[in-house]
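See below for data_16.cif, which holds mmCIF, C-alpha atoms.
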data_protein
#
loop_
_atom_site.label_atom_id
_atom_site.label_comp_id
_atom_site.auth_asym_id
_atom_site.auth_seq_id
_atom_site.Cartn_x
_atom_site.Cartn_y
_atom_site.Cartn_z
CA MET A 14 52.14 64.14 93.13
CA TRP A 15 49.43 62.07 94.93
CA LEU A 16 47.00 64.98 94.64
CA LEU A 17 47.68 65.14 90.90
CA LEU A 18 47.01 61.38 90.48
CA LEU A 19 43.81 61.67 92.53
CA SER A 20 42.63 64.50 90.31
CA VAL A 21 43.39 62.45 87.21
CA LEU A 22 41.43 59.45 88.62
CA LEU A 23 38.43 61.62 89.36
CA LEU A 24 38.52 63.22 85.92
CA SER A 25 38.76 59.82 84.28
CA GLN A 26 35.28 58.99 85.57
CA TYR A 27 33.90 61.64 83.23
CA SER A 28 36.28 61.06 80.35
CA GLN A 29 36.86 58.44 77.71
CA CYS A 30 40.61 58.58 78.42
CA SER A 31 42.32 56.31 80.89
CA PRO A 32 44.01 57.81 83.97
CA ILE A 33 47.42 57.00 82.49
CA GLU A 34 46.53 58.67 79.17
CA LEU A 35 45.37 61.80 80.98
CA PHE A 36 48.50 61.85 83.11
CA VAL A 37 50.82 61.44 80.14
CA THR A 38 48.95 64.12 78.17
CA HIS A 39 49.26 66.53 81.10
CA GLN A 40 52.97 65.82 81.48
CA ASN A 41 53.68 66.31 77.75
CA GLU A 42 51.83 69.60 77.30
CA GLU A 43 54.03 72.30 75.72
CA PRO A 44 53.41 76.02 76.14
CA GLN A 45 51.75 77.38 72.99
CA GLN A 46 54.28 79.25 70.83
CA LYS A 47 53.46 82.63 69.33
CA ALA A 48 53.14 82.83 65.57
CA PRO A 49 56.11 84.59 63.93
CA ASP A 50 55.70 88.18 62.75
CA GLN A 51 54.49 88.40 59.16
CA LEU A 52 55.85 90.65 56.41
CA ILE A 53 52.91 92.27 54.61
CA PHE A 54 54.20 94.85 52.13
CA VAL A 55 57.40 96.54 50.95
CA ASN A 56 58.03 100.07 49.67
CA ALA A 57 61.46 100.12 48.00
CA LEU A 58 63.13 103.31 46.79
CA TRP A 59 66.48 103.42 45.03
CA ARG A 60 68.85 105.75 43.21
CA HIS A 61 69.97 105.01 39.67
CA GLY A 62 73.33 103.33 39.06
CA ASN A 63 76.64 105.05 38.28
CA ARG A 64 76.27 107.43 35.36
CA ALA A 65 78.12 109.75 33.01
CA PRO A 66 78.06 113.51 33.70
CA ASP A 67 75.35 115.58 31.98
CA ARG A 68 77.99 118.10 30.90
CA LEU A 69 81.65 117.41 30.19
CA SER A 70 84.49 119.84 30.78
CA ASN A 71 86.25 118.44 27.74
CA ASN A 72 84.57 116.83 24.73
CA THR A 73 87.43 114.34 24.40
CA LEU A 74 86.05 112.67 27.53
CA LEU A 75 83.00 111.52 25.59
CA SER A 76 84.95 108.45 24.48
CA TYR A 77 84.82 107.20 28.10
CA PHE A 78 81.02 107.07 28.04
CA LYS A 79 79.80 104.89 25.17
CA TYR A 80 76.14 105.29 26.13
CA GLY A 81 76.31 109.09 26.12
CA THR A 82 76.26 111.91 28.65
CA GLY A 83 73.85 111.54 31.56
CA GLN A 84 73.37 107.81 30.91
CA MET A 85 74.34 104.84 33.04
CA THR A 86 77.80 103.39 32.63
CA GLU A 87 78.62 99.69 32.50
CA GLU A 88 79.45 99.89 36.19
CA GLY A 89 76.07 101.47 36.87
CA ILE A 90 74.24 98.71 34.99
CA ASP A 91 76.13 96.03 36.92
CA ASN A 92 75.47 97.70 40.27
CA SER A 93 71.76 98.08 39.54
CA TYR A 94 71.57 94.40 38.63
CA LYS A 95 73.33 93.48 41.89
CA LEU A 96 70.85 95.59 43.85
CA GLY A 97 68.08 93.51 42.29
CA GLN A 98 69.88 90.33 43.36
CA GLN A 99 70.00 91.68 46.90
CA PHE A 100 66.25 92.27 46.81
CA ALA A 101 65.84 88.70 45.56
CA ARG A 102 67.75 87.26 48.52
CA ARG A 103 65.61 89.20 50.95
CA TYR A 104 62.19 88.73 49.40
CA LYS A 105 62.17 86.03 46.71
CA ASP A 106 64.47 83.45 48.25
CA THR A 107 62.56 83.69 51.53
CA GLY A 108 59.23 82.96 49.84
CA PHE A 109 57.68 86.41 50.30
CA LEU A 110 57.58 86.87 46.51
CA ASN A 111 57.00 84.28 43.81
CA SER A 112 60.00 82.58 42.26
CA THR A 113 58.95 84.04 38.87
CA TRP A 114 57.86 87.60 38.11
CA ASN A 115 54.19 88.10 38.97
CA VAL A 116 52.68 91.40 37.84
CA LYS A 117 50.06 91.16 40.59
CA GLN A 118 52.81 91.07 43.25
CA LEU A 119 55.30 93.64 41.99
CA LYS A 120 55.02 97.11 40.52
CA PHE A 121 57.89 99.35 39.45
CA ARG A 122 57.51 103.06 38.85
CA SER A 123 60.29 105.33 37.60
CA VAL A 124 60.73 109.01 37.02
CA ALA A 125 60.87 109.67 33.25
CA VAL A 126 64.66 110.01 33.14
CA GLU A 127 66.49 107.46 30.99
CA ARG A 128 69.05 106.41 33.60
CA CYS A 129 66.30 105.84 36.18
CA LEU A 130 64.14 103.87 33.75
CA ALA A 131 67.12 101.73 32.76
CA THR A 132 67.97 101.20 36.43
CA ALA A 133 64.46 99.93 37.17
CA VAL A 134 64.75 97.37 34.38
CA ALA A 135 68.19 96.23 35.57
CA VAL A 136 66.98 95.92 39.18
CA GLY A 137 64.00 93.80 38.09
CA GLN A 138 66.17 91.55 35.96
CA GLY A 139 68.59 91.15 38.86
CA MET A 140 65.72 90.05 41.09
CA TYR A 141 64.79 87.32 38.59
CA SER A 142 68.20 86.52 37.13
CA ASP A 143 67.83 82.82 37.99
CA SER A 144 64.58 82.27 36.08
CA GLY A 145 66.32 79.99 33.57
CA ARG A 146 65.46 82.19 30.58
CA LYS A 147 68.05 82.69 27.86
CA ILE A 148 66.67 86.19 27.29
CA PRO A 149 66.22 88.32 30.46
CA PHE A 150 62.60 88.76 31.49
CA PRO A 151 61.15 92.04 30.07
CA ILE A 152 60.43 94.07 33.20
CA PRO A 153 57.36 96.35 32.98
CA VAL A 154 58.10 99.82 34.37
CA PHE A 155 55.45 102.52 34.80
CA THR A 156 56.21 106.22 34.43
CA GLU A 157 54.47 109.56 33.92
CA ASN A 158 55.16 112.59 31.78
CA PHE A 159 58.16 114.31 33.36
CA LYS A 160 56.57 117.76 33.54
CA GLY A 161 53.44 116.39 35.21
CA ASP A 162 55.08 113.97 37.65
CA THR A 163 54.78 115.88 40.94
CA MET A 164 55.75 112.80 42.99
CA LEU A 165 59.08 111.75 41.42
CA ALA A 166 59.95 114.85 39.34
CA PRO A 167 58.92 117.83 41.50
CA ASN A 168 59.77 121.13 39.81
CA TRP A 169 61.15 123.99 41.93
CA ALA A 170 60.18 126.63 39.34
CA ASP A 171 56.41 126.11 39.42
CA CYS A 172 55.97 126.17 43.19
CA PRO A 173 55.32 129.54 44.93
CA LEU A 174 55.72 127.99 48.38
CA ASN A 175 59.21 126.77 47.44
CA SER A 176 60.18 130.32 46.44
CA GLU A 177 58.96 131.64 49.79
CA ALA A 178 61.03 129.03 51.61
CA PHE A 179 64.17 130.15 49.73
CA LYS A 180 63.52 133.84 50.39
CA LYS A 181 63.59 133.25 54.14
CA THR A 182 67.37 132.76 53.89
CA CYS A 183 67.99 134.48 50.55
CA PRO A 184 65.81 137.60 50.09
CA THR A 185 67.18 138.18 46.57
CA TYR A 186 66.28 134.65 45.41
CA THR A 187 64.97 134.59 41.83
CA VAL A 188 63.16 131.66 40.18
CA TYR A 189 64.83 130.16 37.11
CA PRO A 190 63.33 127.28 35.08
CA LYS A 191 66.64 125.69 34.01
CA TYR A 192 68.48 123.64 36.61
CA ILE A 193 71.91 125.06 35.76
CA ASP A 194 70.61 128.57 36.57
CA TYR A 195 68.85 127.26 39.68
CA LEU A 196 72.20 125.80 40.78
CA ALA A 197 74.00 129.11 40.16
CA GLU A 198 71.32 131.01 42.08
CA SER A 199 71.76 128.67 45.05
CA PHE A 200 75.55 129.11 44.73
CA GLU A 201 75.14 132.85 45.27
CA CYS A 202 72.49 132.49 47.98
CA LEU A 203 74.95 130.39 49.99
CA GLY A 204 77.70 133.00 49.52
CA TRP A 205 80.11 130.70 47.71
CA ASP A 206 80.89 133.49 45.22
CA LYS A 207 82.46 135.39 48.13
CA ARG A 208 84.22 132.56 49.99
CA SER A 209 85.33 130.16 47.27
CA LYS A 210 88.98 130.02 46.29
CA TYR A 211 88.43 128.70 42.76
CA PHE A 212 84.81 129.50 41.89
CA LYS A 213 84.17 133.23 42.11
CA THR A 214 81.44 133.93 39.58
CA ARG A 215 77.99 132.72 38.63
CA ALA A 216 79.45 131.41 35.37
CA SER A 217 82.05 129.35 37.21
CA ALA A 218 79.29 127.76 39.28
CA TYR A 219 77.96 126.16 36.08
CA SER A 220 81.00 123.87 36.00
CA VAL A 221 80.67 122.53 39.56
CA GLU A 222 78.22 119.73 38.82
CA GLY A 223 80.25 118.51 35.83
CA ILE A 224 83.50 118.41 37.82
CA VAL A 225 81.86 116.38 40.59
CA ASN A 226 80.24 113.90 38.23
CA GLU A 227 83.45 113.45 36.24
CA TYR A 228 85.16 112.58 39.50
CA LEU A 229 82.40 110.11 40.41
CA ALA A 230 82.74 108.57 36.95
CA GLN A 231 86.46 108.13 37.70
CA VAL A 232 87.58 110.61 35.05
CA GLU A 233 89.93 113.11 36.69
CA THR A 234 90.13 116.48 34.92
CA ARG A 235 91.04 118.96 37.67
CA PRO A 236 93.64 119.26 40.44
CA VAL A 237 92.60 117.62 43.70
CA ASP A 238 92.07 120.87 45.62
CA VAL A 239 89.83 122.28 42.86
CA ARG A 240 87.84 119.07 42.68
CA GLU A 241 87.41 118.88 46.46
CA GLU A 242 86.14 122.45 46.65
CA ALA A 243 83.72 121.70 43.80
CA ARG A 244 82.48 118.69 45.77
CA ALA A 245 81.99 120.79 48.91
CA ILE A 246 80.05 123.44 46.96
CA TYR A 247 77.84 120.93 45.15
CA ARG A 248 77.13 119.01 48.36
CA ASP A 249 76.15 122.25 50.08
CA ILE A 250 73.91 123.32 47.19
CA GLN A 251 72.13 119.94 47.09
CA ALA A 252 71.37 120.10 50.82
CA TYR A 253 70.24 123.73 50.56
CA GLN A 254 67.92 123.05 47.64
CA GLY A 255 66.47 119.90 49.20
CA GLY A 256 66.09 121.21 52.74
CA THR A 257 68.28 118.41 54.09
CA PHE A 258 70.93 118.40 56.80
CA PRO A 259 72.86 120.66 57.39
CA HIS A 260 70.24 122.99 55.82
CA SER A 261 67.25 121.17 57.28
CA ASP A 262 63.99 122.75 56.16
CA MET A 263 60.81 120.67 56.32
CA THR A 264 59.01 122.91 53.81
CA LYS A 265 61.65 122.35 51.11
CA ALA A 266 62.06 118.66 51.93
CA GLY A 267 58.30 118.19 51.92
CA LEU A 268 57.93 119.84 48.52
CA LEU A 269 60.46 117.39 47.09
CA ALA A 270 59.35 114.19 48.81
CA GLY A 271 56.18 114.81 50.83
CA GLU A 272 53.87 113.40 48.15
CA LEU A 273 56.06 110.29 47.73
CA VAL A 274 56.19 109.53 51.46
CA TYR A 275 52.42 110.08 51.63
CA GLN A 276 51.98 107.53 48.83
CA MET A 277 54.16 104.99 50.62
CA MET A 278 52.22 105.44 53.87
CA ASP A 279 48.97 105.09 51.92
CA ASN A 280 50.26 101.82 50.45
CA PHE A 281 50.71 100.61 54.02
CA LYS A 282 47.22 101.72 55.03
CA GLN A 283 45.60 99.88 52.13
CA HIS A 284 47.40 96.66 52.94
CA ARG A 285 46.76 96.94 56.66
CA ASP A 286 43.05 97.18 55.93
CA CYS A 287 42.83 94.39 53.35
CA THR A 288 39.31 92.98 52.99
CA GLU A 289 37.46 90.73 50.57
CA ALA A 290 36.35 93.86 48.70
CA ASN A 291 39.92 94.93 47.85
CA LYS A 292 41.77 91.62 47.99
CA MET A 293 42.88 91.98 44.34
CA LEU A 294 44.75 95.16 45.30
CA CYS A 295 46.20 93.41 48.31
CA GLN A 296 47.96 90.86 46.12
CA LEU A 297 50.52 93.60 45.47
CA LYS A 298 53.43 93.02 47.85
CA PHE A 299 56.35 95.07 46.50
CA TYR A 300 56.26 98.61 45.10
CA GLY A 301 59.59 99.86 43.75
CA TYR A 302 60.38 103.51 42.96
CA SER A 303 63.38 104.34 40.75
CA THR A 304 64.49 107.92 41.26
CA GLN A 305 67.33 110.37 41.91
CA ASP A 306 69.52 111.31 44.85
CA PHE A 307 67.81 114.58 45.80
CA VAL A 308 64.43 112.86 46.20
CA ILE A 309 65.91 110.11 48.37
CA ALA A 310 67.77 112.67 50.50
CA SER A 311 64.53 114.56 51.14
CA VAL A 312 62.74 111.30 52.02
CA LEU A 313 65.46 110.63 54.61
CA GLU A 314 65.05 114.17 55.97
CA LEU A 315 61.28 113.82 56.35
CA LEU A 316 61.78 110.49 58.13
CA GLY A 317 64.27 112.15 60.47
CA VAL A 318 67.27 109.96 59.61
CA LYS A 319 69.28 111.91 57.03
CA GLU A 320 71.83 113.29 59.50
CA ARG A 321 72.10 109.94 61.30
CA ILE A 322 72.69 107.94 58.13
CA LEU A 323 74.57 110.29 55.79
CA GLY A 324 75.60 113.39 57.71
CA ILE A 325 76.39 116.08 55.12
CA GLU A 326 76.77 113.55 52.29
CA HIS A 327 74.16 112.73 49.64
CA PRO A 328 72.83 109.27 48.67
CA PHE A 329 75.33 107.44 46.48
CA PHE A 330 74.65 105.49 43.29
CA SER A 331 72.53 102.36 43.82
CA SER A 332 71.69 103.37 47.39
CA ALA A 333 68.27 102.17 48.51
CA VAL A 334 65.56 102.65 51.13
CA LEU A 335 63.29 99.86 52.35
CA LEU A 336 60.12 100.62 54.27
CA GLU A 337 58.55 97.31 55.30
CA LEU A 338 55.10 96.74 56.79
CA TRP A 339 54.91 93.85 59.28
CA ARG A 340 52.18 92.40 61.49
CA ASN A 341 53.00 90.88 64.88
CA SER A 342 51.35 87.82 66.46
CA ALA A 343 48.69 90.03 68.02
CA GLY A 344 47.76 91.42 64.61
CA ILE A 345 49.25 94.87 65.25
CA PRO A 346 50.99 96.43 62.20
CA TYR A 347 54.43 98.00 62.50
CA VAL A 348 57.07 99.45 60.18
CA LYS A 349 60.76 98.71 59.72
CA PHE A 350 63.20 101.08 57.97
CA LEU A 351 66.38 99.79 56.32
CA TYR A 352 69.04 101.53 54.25
CA ARG A 353 71.65 100.40 51.72
CA TYR A 354 74.55 102.81 51.33
CA GLY A 355 75.49 101.82 47.79
CA PRO A 356 77.31 99.22 45.68
CA ASN A 357 79.13 96.36 47.40
CA GLU A 358 77.11 96.74 50.61
CA PRO A 359 76.44 93.15 51.75
CA GLU A 360 73.42 93.98 53.90
CA PHE A 361 70.71 96.54 54.49
CA VAL A 362 71.22 98.41 57.78
CA ASP A 363 68.25 98.73 60.15
CA PHE A 364 67.64 102.34 61.29
CA THR A 365 64.03 101.87 62.45
CA LYS A 366 64.59 103.09 65.99
CA ASP A 367 66.13 106.32 64.64
CA MET A 368 63.12 107.18 62.50
CA PHE A 369 61.01 110.20 63.39
CA GLY A 370 57.96 109.19 65.43
CA CYS A 371 59.30 105.76 66.42
CA ASP A 372 60.53 106.77 69.91
CA GLY A 373 63.56 104.48 69.74
CA ASN A 374 61.50 101.35 69.06
CA GLU A 375 62.86 98.67 66.73
CA LYS A 376 59.27 97.95 65.66
CA CYS A 377 57.65 101.27 64.79
CA ASP A 378 53.88 101.32 65.30
CA LEU A 379 52.22 102.20 61.99
CA ASP A 380 49.55 104.50 63.43
CA THR A 381 52.08 106.35 65.59
CA LEU A 382 54.39 106.85 62.61
CA THR A 383 51.58 108.03 60.35
CA THR A 384 50.41 110.54 62.94
CA ALA A 385 53.95 111.86 63.47
CA LEU A 386 54.47 112.35 59.72
CA SER A 387 51.09 113.97 59.08
CA SER A 388 52.48 117.50 59.40
CA ARG A 389 55.33 116.77 56.95
CA ILE A 390 53.63 114.93 54.09
CA PHE A 391 50.63 115.56 51.84
CA LYS A 392 48.55 113.97 49.11
CA SER A 393 48.94 116.71 46.50
CA ARG A 394 52.14 118.71 45.95
CA LYS A 395 50.28 120.91 43.47
CA GLU A 396 47.82 122.03 46.13
CA GLN A 397 50.60 122.42 48.71
CA CYS A 398 52.61 124.66 46.39
CA GLN A 399 49.75 127.11 46.01
CA LEU A 400 49.98 127.99 49.71
CA GLY A 401 52.68 130.42 48.62
CA THR A 402 52.40 133.64 46.62
CA ALA A 403 52.41 133.15 42.86
CA GLU A 404 55.63 134.13 41.14
CA LYS A 405 56.64 133.57 37.54
CA PRO A 406 60.14 132.27 36.77
CA ILE A 407 62.73 134.40 35.01
CA ILE A 408 63.37 133.06 31.50
CA ILE A 409 66.98 133.09 30.34
CA ASN A 410 67.52 132.41 26.65
#

As structure tokens - that is how I would like this structure written.
Amino acid sequence: MWLLLLSVLLLSQYSQCSPIELFVTHQNEEPQQKAPDQLIFVNALWRHGNRAPDRLSNNTLLSYFKYGTGQMTEEGIDNSYKLGQQFARRYKDTGFLNSTWNVKQLKFRSVAVERCLATAVAVGQGMYSDSGRKIPFPIPVFTENFKGDTMLAPNWADCPLNSEAFKKTCPTYTVYPKYIDYLAESFECLGWDKRSKYFKTRASAYSVEGIVNEYLAQVETRPVDVREEARAIYRDIQAYQGGTFPHSDMTKAGLLAGELVYQMMDNFKQHRDCTEANKMLCQLKFYGYSTQDFVIASVLELLGVKERILGIEHPFFSSAVLLELWRNSAGIPYVKFLYRYGPNEPEFVDFTKDMFGCDGNEKCDLDTLTTALSSRIFKSRKEQCQLGTAEKPIIIN
């Protein structure tokens, strides 16, 4: 104590402060606190809301779906709106996004499928439901021609590499341009025509998707055991086609979602490297993608979390993925991964440490993640597809 006072007295000879002022200042010094981590950018990816089946087993069921087959139901609209409200609580109410829609901060892109486009609008209106407007804010949603959208509407029939991937497990695999025939081909490749109790033929496989979607729309048309076998078959076909667990195949998964994951990682790179030259671009903080279950499932597979999060199941209606870019107090960027299982989920669940390339860390280093994913993702699906041998699809009239 006396040594401290002596030091203060000596220092006071060369300072404008009194010894007491120096002593009090020294005693009251607080250790400097680190700045909190900063959220930089968000990639959000979600599945459309609950919808009507594309095909009905009985035309009398059409009365249950006032917006038509394949379109969102009232429940789907409500659930999409609630998803938007959940985004608002996480990003708008915390001050990350403006309190009113700002086109420089948010961008929504949807695959050119009506239920996905409608979902994007409902999500955006849910995010800004408290704007005080009598008429909901008109949400701008970008899309591309369905046949040319290789990122959100990848086509199995125009990709030679996809055909080669199928032939590794199904030598007789034939390319068909219509999804219903593609489904039936996968049904036979998986041997369900030989082991199913209720679905024995290629023709019977056509009804599987409809039965499942009628069940999901809460319209029961078949006995429970028939419906449950249809669900098992459809679940198996979806995983097989998408290269997801339990049929994990990084070639198939990459051809469905590799370009999308590349785009999301590129969004991160651009915002990590923000400069005066591109500061207009860096005003964008939230990029939302409205898509379908098979794309989301393949994204989860590429990120190494599909089995951990869903097991053999597929993403449910209004499920969502959040990939967030953060910067810590030292200026080092890292990524967080969160998942929403579907409607009525109160919170997003953090699965960052389970993500491929993150080595169990709750803050996944951006450069490490990007390097790990480099062998699974690519800038151009069109170029990637041509790595296979050209094969024309079989046309069925």

task = Take atom CA of A:Thr163 and atom CA of A:Asn175 and report the distance between them in Å, one decimal.
result =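 According to the coordinates, atom CA of A:Thr163 and atom CA of A:Asn175 are separated by 13.4 Å.
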
request  = Tell me which protein, DNA and RNA residues are within 10 Å of A:Ala166, counting only C-alpha atoms, leaving out same-chain ones fewer than 5 positions away, and put them as a VMD selection string.
outcome  = chain A and resid 123 to 126 157 to 161 269 to 270 304 to 305 308

Just write the chosen residues, C-alpha atoms, as an mmCIF file, in the coordinates of the input.
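Output saved as selection_34.cif:
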data_model
loop_
_atom_site.group_PDB
_atom_site.id
_atom_site.type_symbol
_atom_site.label_atom_id
_atom_site.label_comp_id
_atom_site.auth_asym_id
_atom_site.auth_seq_id
_atom_site.Cartn_x
_atom_site.Cartn_y
_atom_site.Cartn_z
ATOM 1 C CA SER A 123 60.290 105.330 37.600
ATOM 2 C CA VAL A 124 60.730 109.010 37.020
ATOM 3 C CA ALA A 125 60.870 109.670 33.250
ATOM 4 C CA VAL A 126 64.660 110.010 33.140
ATOM 5 C CA GLU A 157 54.470 109.560 33.920
ATOM 6 C CA ASN A 158 55.160 112.590 31.780
ATOM 7 C CA PHE A 159 58.160 114.310 33.360
ATOM 8 C CA LYS A 160 56.570 117.760 33.540
ATOM 9 C CA GLY A 161 53.440 116.390 35.210
ATOM 10 C CA LEU A 269 60.460 117.390 47.090
ATOM 11 C CA ALA A 270 59.350 114.190 48.810
ATOM 12 C CA THR A 304 64.490 107.920 41.260
ATOM 13 C CA GLN A 305 67.330 110.370 41.910
ATOM 14 C CA VAL A 308 64.430 112.860 46.200
#

key: Interatomic distance, atom CA of A:Ala343 to atom CA of A:Gly301 (Å, one decimal)   =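 One can read the atom CA of A:Ala343 to atom CA of A:Gly301 distance as 28.4 Å.
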
ask   = When you draw a straight line from atom CA of A:Gln251 to atom CA of A:Val312, how long is it in Å?
value = 13.7 Å

message = Evaluate the PyMOL selection byres ((chain A and resi 140) around 10) against this structure - the residues, as number ranges by chain, please.
response = A: 94-106, 112-114, 134-139, 141-144

key: Using only C-alpha atoms: which of A:Leu268, A:Val154, A:Ile53, A:Met263 has the shortest distance to A:Phe391   =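 Of the candidates, the smallest distance to A:Phe391 is held by A:Leu268.
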
Counting only C-alpha atoms, the residue of A:Ser70, A:Asn374, A:Asn92, A:Ser217 that sits nearest A:Phe350 =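 When distances to A:Phe350 are compared using only C-alpha atoms, the smallest one comes from A:Asn374.
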
Listed atoms of stretch 179-191 of chain A boxed axis-aligned with 6 Å per side, centre + edges as JSON:
{"center_x": 65.6, "center_y": 131.9, "center_z": 44.1, "size_x": 16.8, "size_y": 24.5, "size_z": 32.1}

Radius query 12 Å about (85.0, 114.5, 28.4), atoms used: all atoms listed in the file, as a list in words =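 Residues satisfying the cut-off, written out: Ala65, Pro66, Asp67, Arg68, Leu69, Ser70, Asn71, Asn72, Thr73, Leu74, Leu75, Ser76, Tyr77, Phe78, Lys79, Gly81, Thr82, Gly83, Gly223, Ile224, Asn226, Glu227, Tyr228, Ala230, Gln231, Val232, Glu233, Thr234 and Arg235 of chain A.
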
message = Quick one: residues within 10 Å of A:Val274, all atoms listed in the file, excluding same-chain residues fewer than 4 positions away - as number ranges by chain?
response = A: 56, 164, 267, 269-270, 278-280, 311-313, 315-316, 386, 389-392

key: Matched chain/residue IDs from the PyMOL selection byres ((chain A and resi 365) around 6), as a PyMOL selection string   = chain A and resi 349-350+363-364+366-368+375

request  = Give the answer as one residue: which of A:Ser331, A:Thr185, A:Asn341, A:Thr156 has the shortest atom-to-atom distance to A:Glu358, using all atoms listed in the file?
outcome  = A:Ser331

What are the closest atom pairs, with distances in Å to one decimal, for all residues of stretch 161-234 of chain A lying within 12 Å of stretch 394-398 of chain A? Consider only C-alpha atoms, order rows by chain and residue number, and present the result as a tab-separated table.
residue	atom	partner	partner_atom	distance
A:Gly161	CA	A:Lys395	CA	9.9
A:Asp162	CA	A:Arg394	CA	10.0
A:Thr163	CA	A:Arg394	CA	6.3
A:Met164	CA	A:Arg394	CA	7.5
A:Leu165	CA	A:Arg394	CA	10.8
A:Ala166	CA	A:Arg394	CA	10.9
A:Pro167	CA	A:Arg394	CA	8.2
A:Asn168	CA	A:Arg394	CA	10.1
A:Trp169	CA	A:Cys398	CA	9.7
A:Ala170	CA	A:Cys398	CA	10.5
A:Asp171	CA	A:Cys398	CA	8.1
A:Cys172	CA	A:Cys398	CA	4.9
A:Pro173	CA	A:Cys398	CA	5.8
A:Leu174	CA	A:Cys398	CA	5.0
A:Asn175	CA	A:Cys398	CA	7.0
A:Ser176	CA	A:Cys398	CA	9.5
A:Glu177	CA	A:Cys398	CA	10.0
A:Ala178	CA	A:Cys398	CA	10.8

Given the file shown, enumerate the residues that the PyMOL selection byres ((chain A and resi 63) around 8) captures and present them as a CSV table (one decimal) with C-alpha atoms, keeping the file's coordinate frame.
chain,number,residue,atom,x,y,z
A,61,HIS,CA,70.0,105.0,39.7
A,62,GLY,CA,73.3,103.3,39.1
A,64,ARG,CA,76.3,107.4,35.4
A,65,ALA,CA,78.1,109.8,33.0
A,85,MET,CA,74.3,104.8,33.0
A,86,THR,CA,77.8,103.4,32.6
A,88,GLU,CA,79.4,99.9,36.2
A,89,GLY,CA,76.1,101.5,36.9
A,90,ILE,CA,74.2,98.7,35.0
A,92,ASN,CA,75.5,97.7,40.3
A,229,LEU,CA,82.4,110.1,40.4
A,230,ALA,CA,82.7,108.6,37.0
A,330,PHE,CA,74.6,105.5,43.3
A,331,SER,CA,72.5,102.4,43.8

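The closest residue to A:Gly344, picked from A:Asp50, A:Glu201, A:Glu326, A:Asp194 and counting only C-alpha atoms, is A:Asp50.
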
ask   = Looking at all atoms listed in the file, which of A:Ser332, A:Ser387, A:Ser342, A:Gln296 is the one that sits closest to A:Gln118?
value =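 Under the stated criterion, the closest residue is A:Gln296.
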
query = Within 8 Å of (64.9, 104.4, 48.9), in the coordinates the file gives, what residues turn up when you count all atoms listed in the file, written out as an MDAnalysis selection string?
reply = chainID A and resid 57:60 302 309 312 332:335 352
